[in-house]
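What follows is a set of notes on a single structure, which appears directly below.
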Number of protein chains: 2
Amino acid sequence: MTIPHSRIAELPAHAGTTVRVRGWVTHLRSSGKVAFIVLRDGSGLLQAVLVKNAVAPETWERFSQLTQETSVEITGEARPDARAPGGFELGVSELTIYGPSPLDYPIQPKEHGVDFLLDNRHFWLRSPRQRAIARIRHEAEQAIRDFFYERDFTLVDTPILTAAIGERSGLFSTEYFDEGTAYLAQTGQLYGEAAAAAFGKIYCFGPTFRAEKSKTRRHLTEFWMVEPEVAFNDSDANMRLQEEFVSYIVARCLERRRPELAELERDVSKLESVKPPFPRVDYTDAVKILQGKGSTVQWGDDLGAEDEALLVEGYDRPIFVFNYPKEAKAFYMKENPADPRTVLCDDCLAPEGYGEIIGGSQREDDHDKLLQRIHEEKLPVDAYGWYLDLRKYGTFVHAGFGLGLERTVGWICGTPHIRETIAFPRMMNRLRP
Amino acid sequence: MTIPHSRIAELPAHAGTTVRVRGWVTHLRSSGKVAFIVLRDGSGLLQAVLVKNAVAPETWERFSQLTQETSVEITGEARPDARAPGGFELGVSELTIYGPSPLDYPIQPKEHGVDFLLDNRHFWLRSPRQRAIARIRHEAEQAIRDFFYERDFTLVDTPILTAAIGERSGLFSTEYFDEGTAYLAQTGQLYGEAAAAAFGKIYCFGPTFRAEKSKTRRHLTEFWMVEPEVAFNDSDANMRLQEEFVSYIVARCLERRRPELAELERDVSKLESVKPPFPRVDYTDAVKILQGKGSTVQWGDDLGAEDEALLVEGYDRPIFVFNYPKEAKAFYMKENPADPRTVLCDDCLAPEGYGEIIGGSQREDDHDKLLQRIHEEKLPVDAYGWYLDLRKYGTFVHAGFGLGLERTVGWICGTPHIRETIAFPRMMNRLRP
């Protein structure tokens with residue numbers, strides 16, 4: 001009978017039987033009579049125990065050839081062991097070496113600088129911490145997909161290569177055949193608005209790009225953003241959707257990624273209070289609060305990272321700051337009828353100093369006001385013809401938002417710098433690996 | 001009491017009660033005493049009936065102001081009506097016009113050329129056919145996410161901006177700060193291989209780019225590709241994963257998108273036979289079969305679209321063609337030990353002439369052979385250092401594949417040209433809207 005292969009995470013299905021496990025060596029230890037191999041296969045960690053007197057001499061000899069990251073196949077009995085990480089230990093009967101690993105393997109059991117680790121990101125990903133972050137990121141992404149699927153939103157994959165642009169500066173560009181210059185999308189929103197008129201409720205979710213020379217812990221040049229857009233939602237409904245959405249993502253990670261959060265030593269009590277409703281602070285009030293706390297912010301300014309951190313102090317969940325001054329925000333946001341100096345928009349700020357994770361707004365649905373804003377911002381009107389069309393033929397109240405995946409995952413994981421929340425981060429000085 | 005809003009698809013929950021429905025006018029008809037409005041809100045179509053004697057004179061008058069794509073709110077009683085498309089009819093009591101729609105709305109109830117429709121893609125999406133395709137695309141994407149989530153694969157979002165490239169020609173490029181030129185990824189595979197060594201089973205799924213001057217019905221410059229990569233899978237296991245995966249996607253669309261398939265008049269009997277196992281044809285046999293059918297293909301050539309169509313004739317499900325000549329395929333594919341002129345790879349060809357939807361392979365895991373192939377292909381060795389590292393430290397058997405989303409959706413939908421399977425298609429002469 002062939003001995004079945006098993007992933008480490010699937011060993012409970014093979015308790016007491018002999019299996020073959022394949023993976024990479026992470027730790028080695030030997031007393032001279034008993035040897036221990038900690039094996040990693042991506043699904044978990046497993047301790048394999050090799051007893052000199054119980055295996056063939058060549059098998060025992062082979063142990064001495066093992067090094068960190070050697071890839072192997074180990075055959076043995078899967079024995080329940082409450083002290084073992086996954087609840088199992090492997091009693092080794094055979095050991096096969098697939099690929100040796102030279103002793104100069106870059107990542108050693110010592111402290112490395114972050115630049116060195118990023119240079120070796122393809123190896124750094126193998127650490128338990130990076131695996132935990134990756135699995136929480138995946139959980140957040142699947143939760144995002146499920147949230148919208150369950151609510152009958154239609155997924156619309158908006159284009160990366162675009163002629164019309166939602167934001168203004170920091171664009172990557174490429175030559176596009178005879179069509180001139182194409183820009184890498186900073187947002188799918190404008191396309192999302194067109195799709196909302198067709199499908200009612202839509203979302204897009206993909207990579208977006210900012211060619212900004214920012215070196216903060218919250219900026220990447222390439223990051224993933226999810227952007228729902230809903231026909232007939234106003235700014236109030238938009239904020240309700242946001243708090244429901246953020247709470248759903250956090251709850252899913254708490255429900256299904258406890259071991260990974262524990263690996264990161266995340267204080268999950270800080271996440272358990274993330275439930276609707278989120279407090280709402282009018283921008284004008286926010287400025288007064290900040291000034292009272294010593295900030296130099298003036299009415300009309302956008303809020304910086306420090307102001308955001310100051311503002312969420314004392315809250316146990318995200319908060320909304322809403323209705324910012326027109327000048328501080330994008331041209332497509334709807335003018336506030338109650339105070340035309342402002343627009344109907346919101347930023348959602350995560351607690352614990354993590355800052356903005358969402359920007360949202362009701363969209364300007366008045367054709368002439370939108371055209372005027374496009375002129376004021378000196379945007380190329382030609383490129384926005386189809387976008388203006390949406391206001392010309394059956395215009396409609398609508399609203400949407402963009403949630404930055406890496407900032408959200410960074411907050412859930414409790415990682416101060418978002419560079420760890422994506423497998424191969426792109427920053428202004430980092431294009432490799 | 002406030003009258004509740006309802007999406008058209010949710011009317012069954014409001015049977016016999018008065019609701020408010022918001023959307024766009026698609027058809028109008030009046031006898032002078034009774035008027036009919038067909039309304040579209042993205043969730044479905046609804047017929048609203050306006051009886052002159054039963055509404056206020058100004059409401060009746062307002063009907064005459066309606067045009068195609070006028071946005072409105074209609075208040076009325078949701079009456080079950082078996083003849084109506086969604087099973088309901090609305091007995092109108094009030095009618096509010098949100099946004100008028102001038103009579104020059106571009107898409108009229110007549111035949112338009114495809115270039116005109118693509119120029120007006122933001123409006124074309126509003127048609128029942130385009131909505132059906134979009135919803136089937138979404139179902140396929142959600143099925144893809146669920147397939148891998150259920151099987152404990154880890155999602156890895158591989159970078160678009162890259163220095164190292166899997167394929168060779170047809171690259172979009174952009175200046176990247178002081179790092180030189182960045183290329184838009186044609187595949188996430190190389191990164192996926194690094195991640196497979198960290199997480200065991202992974203997939204990536206996002207947009208990919210080809211700057212190719214192809215004008216066929218199967219090419220876009222920007223398209224979505226899903227690429228799983230599995231540690232310790234060989235080429236045989238890789239094909240088994242593919243047939244399970246493709247069958248899962250098709251089954252989900254059949255299970256949950258019957259009305260949309262009916263809207264497209266798709267012969268679903270052609271899809272119902274898509275079940276594992278898929279027939280496997282060795283490349284060398286395929287060439288003989290094709291030559292027997294009159295093709296001029298020679299051993300060593302890659303198969304063209306016509307050859308692919310010829311080969312699947314008579315099959316009721318996709319087939320695999322496996323182990324192509326080395327020269328016809330990419331440098332990273334594993335040399336076939338049984339015939340070193342060939343590599344351990346496969347293409348999966350959809351039936352009904354839709355052709356290649358998957359390319360897959362076991363990867364070259366021998367460091368020196370891979371290095372030699374990189375030299376032979378005159379690729380920049382420097383950029384592949386980290387990729388070679390995976391073979392230097394604990395190399396491992398692994399395999400993966402890439403499934404083209406638009407080709408797969410085109411096949412499921414029965415659309416001959418894939419330009420309709422994505423919201424805003426990008427082709428060599430099309431960057432707008």
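To be explicit about the labels: the chains of the structure tokens are called A, B, and onward in the order shown, and within each one the residues are counted from 1, while ligands get numbers from 1 in the order they are shown.
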TODO: Tell me the residues of chain A close to chain B, meaning within 7 Å using only C-alpha atoms, as a ChimeraX atom specification.
DONE: /A:24,41-43,69-71,98-102,105,122,125-126,131,135,138,154-159,162-163,172-174,177,179,194,198-200,206,386,392-396,423-424,428-429,431-433
TODO: Looking only at strand (DSSP E or B) from DSSP on the backbone, list the matching residues of region 314-351 of chain A as a PyMOL selection string.
DONE: chain A and resi 319-322+325+333+335+342-343+345-350
Open item on the list: For Ile37 (chain A), find every residue with an atom within 9 Å (counting only C-alpha atoms), except residues of its own chain fewer than 2 positions away, and show them as a PyMOL selection string.
Closed with: chain A and resi 25-30+35+39+46-50+63
Open item on the list: Considering only C-alpha atoms, can you say which of A:Leu370, A:Val381, A:Ile418, A:Ala82 comes closest to Lys334 (chain A)?
Closed with: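 Smallest separation from Lys334 (chain A) among the options: A:Leu370.
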Task: Residue contacts of Trp411 (chain B) (9 Å, only C-alpha atoms) excluding same-chain residues fewer than 5 positions away, as JSON, numbers by chain - done: {"B": [350, 351, 352, 353, 354, 355, 357, 406, 416, 418]}
Could you write those residues out with C-alpha atoms, as a PDB file, in the first residue's frame?
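What follows is the written file selection_7.pdb:
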ATOM      1  CA  ALA B 350     -12.063  24.667 -24.234  1.00  0.00           C
ATOM      2  CA  PRO B 351     -14.565  22.931 -26.525  1.00  0.00           C
ATOM      3  CA  GLU B 352     -16.782  24.552 -29.191  1.00  0.00           C
ATOM      4  CA  GLY B 353     -13.716  26.182 -30.711  1.00  0.00           C
ATOM      5  CA  TYR B 354     -12.999  28.510 -27.789  1.00  0.00           C
ATOM      6  CA  GLY B 355      -9.414  27.279 -27.571  1.00  0.00           C
ATOM      7  CA  ILE B 357      -8.051  28.854 -21.493  1.00  0.00           C
ATOM      8  CA  GLU B 406     -11.999  36.601 -20.034  1.00  0.00           C
ATOM      9  CA  PRO B 416     -17.262  34.830 -29.698  1.00  0.00           C
ATOM     10  CA  ILE B 418     -13.819  38.447 -25.391  1.00  0.00           C
TER      11      ILE B 418
END
TODO: Please indicate the distance in Å from CA of Asp347 (chain A) to CA of Leu371 (chain A), rounded to one decimal place.
DONE: 24.5 Å
Open item on the list: Just checking: using only C-alpha atoms, which residue out of A:Asp81, A:Glu377, A:Asp115, A:Glu94 ends up closest to Thr18 (chain A)?
Closed with: A:Glu94
Open item on the list: So that I can see what lies close to Asn238 (chain A), please list as a PyMOL selection string the residues with an atom at most 8 Å from it, counting only C-alpha atoms and leaving out residues fewer than 3 positions away in the same chain.
Closed with: chain A and resi 233-235+241-242+360-362+399-401
Task: Secondary structure check, helix (DSSP H, G or I) residues of region 111-359 of chain B, as an NGL selection string - done: :B and (114-119 or 121-124 or 128-150 or 177-179 or 189-199 or 235-256 or 258-263 or 269-272 or 283-292 or 305-312 or 326-328)
